[in-house]
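Single-structure report; data block below.
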Amino acid sequence: MQASLARPWMTLAGIVLVVVGVLGFISNPIVGSSANAILPTDTLHNIVHIVTGALALYIAFALSGDSQANATIGFGLLYVVIFIAVFASPTLFGLFSIPANGALHVIHAALAAVSLAIGYMGRGRDASYTR
Amino acid sequence: MTAHQWHDLIHLGAALVLTAGGAVFVASAWRRRADGRGSPPPPGPAPSTELVVARTLAILLVALTFGAAVIHLAAAPEHLQELGALGVGFPLAAALQAMWAGAWWLRPGDRLAWLGLLLNTAIALAWTWSRVVGLPTGQTPWQPEAAGVPDLASTIFEVAIVVLLVARLAGQDVAIARRARNLAAIATVTIVPAVGVVFLATLLAVNVAAGAHGHASAGDGQAYGGADAGHATP
């Protein structure tokens, strides 16, 4: 039997989030915290991306079967919360110095919707697993 | 190209990868679902209710306690400056909470549950006292302080810890869990966003506390925990 798609999806999501987060910390003329940097970075925003990316990679590689599918649903729910919170307050109540733009809302919405769908469809048919 | 355009470009690239990749994954998962290929059945016997509850409780308690400890640590410099000897309570509370979280993760038990219950109740009561009656030292002795984001967040965490520990000591955690039809699934689905929200709330509270300290150090008289303090990014 083939494994569900929760693993490759969580791997993709994890890599994208970690790459976007790490890019913000690399000191170079394009991305950095200096005033002359072309891309000004937001430390806390980068941390949120890296931590949630690490969480996605943990779900991808440390879990399996129904646990992985359920954790993928949980990850989707977390991003539903993040999507709503960032949509309501683009600086996340002052946490981010750079307000979220349209692309960031799309990232949050995609992570939420796809994770919920992949997790739900990846669950086994046997619902009587726990006693 | 301006800085904001670069920023937008990176986010747009990530958004494109996630939406296009997500669409492919969802379509593929839909086909597999239609073919009757879900996730493989779990290996071995099902975990017991007690084990699932203990694991879930441990993750929640450790996340909440570490969150409260980090907030106390972030608020310590300002309070040490303002309250003197009484301000030592902040790093002390942070250290005790962090140690308790580590101990609970390694060896949870009734004695440790009582210790955590007393520790977090005492910290929450001290906060209530400072907001209702006021502290004997500081800039305005015996004057109730205004509640701010960091102290509210850590107190909410401490109240949640107390509620969870009371349920654990009364045996209600397992009793409630037994009524759930698919406990392992519910536990896994809820634990991820719960820990994520605790992480985000901690980050927000630490940012506000650090911002408030920055303002206080600058000598502008900004009250601790003021909403505007959150706009100062470390």
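For the structure tokens, the naming scheme is as follows: chains receive sequential letters (A, B, ...) according to their order of presentation, residues are indexed from 1 within each chain, and ligands are indexed from 1 in presentation order.
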
Problem set entry | alpha helix (DSSP H) call set, DSSP backbone run, range 13-171 of chain B, as a VMD selection string | chain B and resid 13 to 34 49 to 83 89 to 106 110 to 132 149 to 169

Mind running range 63-151 of chain B against range 168-172 of chain B at 10 Å and telling me each contacting residue's nearest atom pair with the distance in Å (one decimal), counting only C-alpha atoms, chain and number ascending, as a Markdown table?
```
| residue | atom | partner | partner_atom | distance |
| --- | --- | --- | --- | --- |
| B:Gly109 | CA | B:Leu169 | CA | 9.3 |
| B:Asp110 | CA | B:Leu169 | CA | 6.7 |
| B:Arg111 | CA | B:Leu169 | CA | 9.7 |
| B:Ala113 | CA | B:Leu169 | CA | 7.2 |
| B:Trp114 | CA | B:Leu169 | CA | 8.1 |
| B:Leu117 | CA | B:Leu169 | CA | 9.8 |
```

Kindly provide the residues of chain A that approach chain B to within 6 Å, each paired with its closest atom pair and their distance in Å to one decimal, based on only C-alpha atoms, listed by chain and increasing number, as a tab-separated table.
```
residue	atom	partner	partner_atom	distance
A:Ala3	CA	B:Ser39	CA	5.4
A:Ser4	CA	B:Ser39	CA	4.8
A:Ile38	CA	B:Ala3	CA	4.7
A:Leu39	CA	B:Ala3	CA	4.6
A:Gly65	CA	B:Ser39	CA	5.3
A:Asn70	CA	B:Val189	CA	5.1
A:Ala71	CA	B:Val189	CA	5.4
A:Ile73	CA	B:Val189	CA	5.9
A:Gly74	CA	B:Val189	CA	4.2
A:Phe75	CA	B:Val192	CA	6.0
A:Leu77	CA	B:Pro193	CA	6.0
A:Leu78	CA	B:Pro193	CA	4.2
A:Gly94	CA	B:His231	CA	4.8
A:Leu95	CA	B:Leu204	CA	5.7
A:Ala103	CA	B:Leu12	CA	5.0
A:Leu104	CA	B:His11	CA	5.9
A:Val106	CA	B:Ala15	CA	5.9
A:Ile107	CA	B:Ala15	CA	4.7
A:Ala110	CA	B:Thr19	CA	5.6
A:Val114	CA	B:Gly22	CA	5.6
A:Ile118	CA	B:Val26	CA	6.0
A:Gly122	CA	B:Gly38	CA	5.0
A:Arg123	CA	B:Ser39	CA	5.5
A:Gly124	CA	B:Ser39	CA	5.0
A:Tyr129	CA	B:Ala46	CA	5.9
A:Thr130	CA	B:Ala46	CA	5.3
```

Write out the residues from the selection above, keeping C-alpha atoms, as an mmCIF file, in the first residue's frame.
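And here is the file that came out, part06.cif:
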```
data_model
loop_
_atom_site.group_PDB
_atom_site.id
_atom_site.type_symbol
_atom_site.label_atom_id
_atom_site.label_comp_id
_atom_site.auth_asym_id
_atom_site.auth_seq_id
_atom_site.Cartn_x
_atom_site.Cartn_y
_atom_site.Cartn_z
ATOM 1 C CA ALA A 3 1.900 6.069 1.798
ATOM 2 C CA SER A 4 -0.296 9.160 1.840
ATOM 3 C CA ILE A 38 17.853 45.801 -0.480
ATOM 4 C CA LEU A 39 15.491 43.421 1.360
ATOM 5 C CA GLY A 65 0.377 6.703 9.040
ATOM 6 C CA ASN A 70 -3.766 13.995 11.785
ATOM 7 C CA ALA A 71 -0.741 16.177 12.510
ATOM 8 C CA ILE A 73 -4.635 18.529 9.756
ATOM 9 C CA GLY A 74 -3.344 20.135 12.964
ATOM 10 C CA PHE A 75 -0.745 22.047 10.948
ATOM 11 C CA LEU A 77 -5.566 24.398 11.674
ATOM 12 C CA LEU A 78 -2.530 26.293 12.997
ATOM 13 C CA GLY A 94 2.798 44.626 16.458
ATOM 14 C CA LEU A 95 4.905 41.456 16.319
ATOM 15 C CA ALA A 103 1.408 37.121 -1.237
ATOM 16 C CA LEU A 104 1.877 36.295 2.447
ATOM 17 C CA VAL A 106 -1.836 33.489 -0.078
ATOM 18 C CA ILE A 107 1.003 31.488 1.552
ATOM 19 C CA ALA A 110 -2.469 27.716 0.849
ATOM 20 C CA VAL A 114 -3.854 22.194 1.362
ATOM 21 C CA ILE A 118 -4.133 16.383 2.312
ATOM 22 C CA GLY A 122 -4.564 10.801 3.897
ATOM 23 C CA ARG A 123 -6.340 9.397 6.927
ATOM 24 C CA GLY A 124 -7.021 5.680 7.000
ATOM 25 C CA TYR A 129 -7.750 2.783 16.009
ATOM 26 C CA THR A 130 -7.762 3.954 19.626
#
```

For this session: Apply DSSP to the backbone of this structure and, from chain A, keep only the residues in strand (DSSP E); write these as a ChimeraX atom specification.
Result: /A:31-32,39-40

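Going from CA of Ala60 in chain A to CA of Arg7 in chain A covers 4.5 Å.
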
For this session: Would you list the contacts of Ser115 in chain A as a ChimeraX atom specification, taking every protein, DNA or RNA residue within 6 Å and counting only C-alpha atoms, but skipping same-chain residues closer than 3 positions in sequence?
Result: /A:72-73,76,111-112,118-119
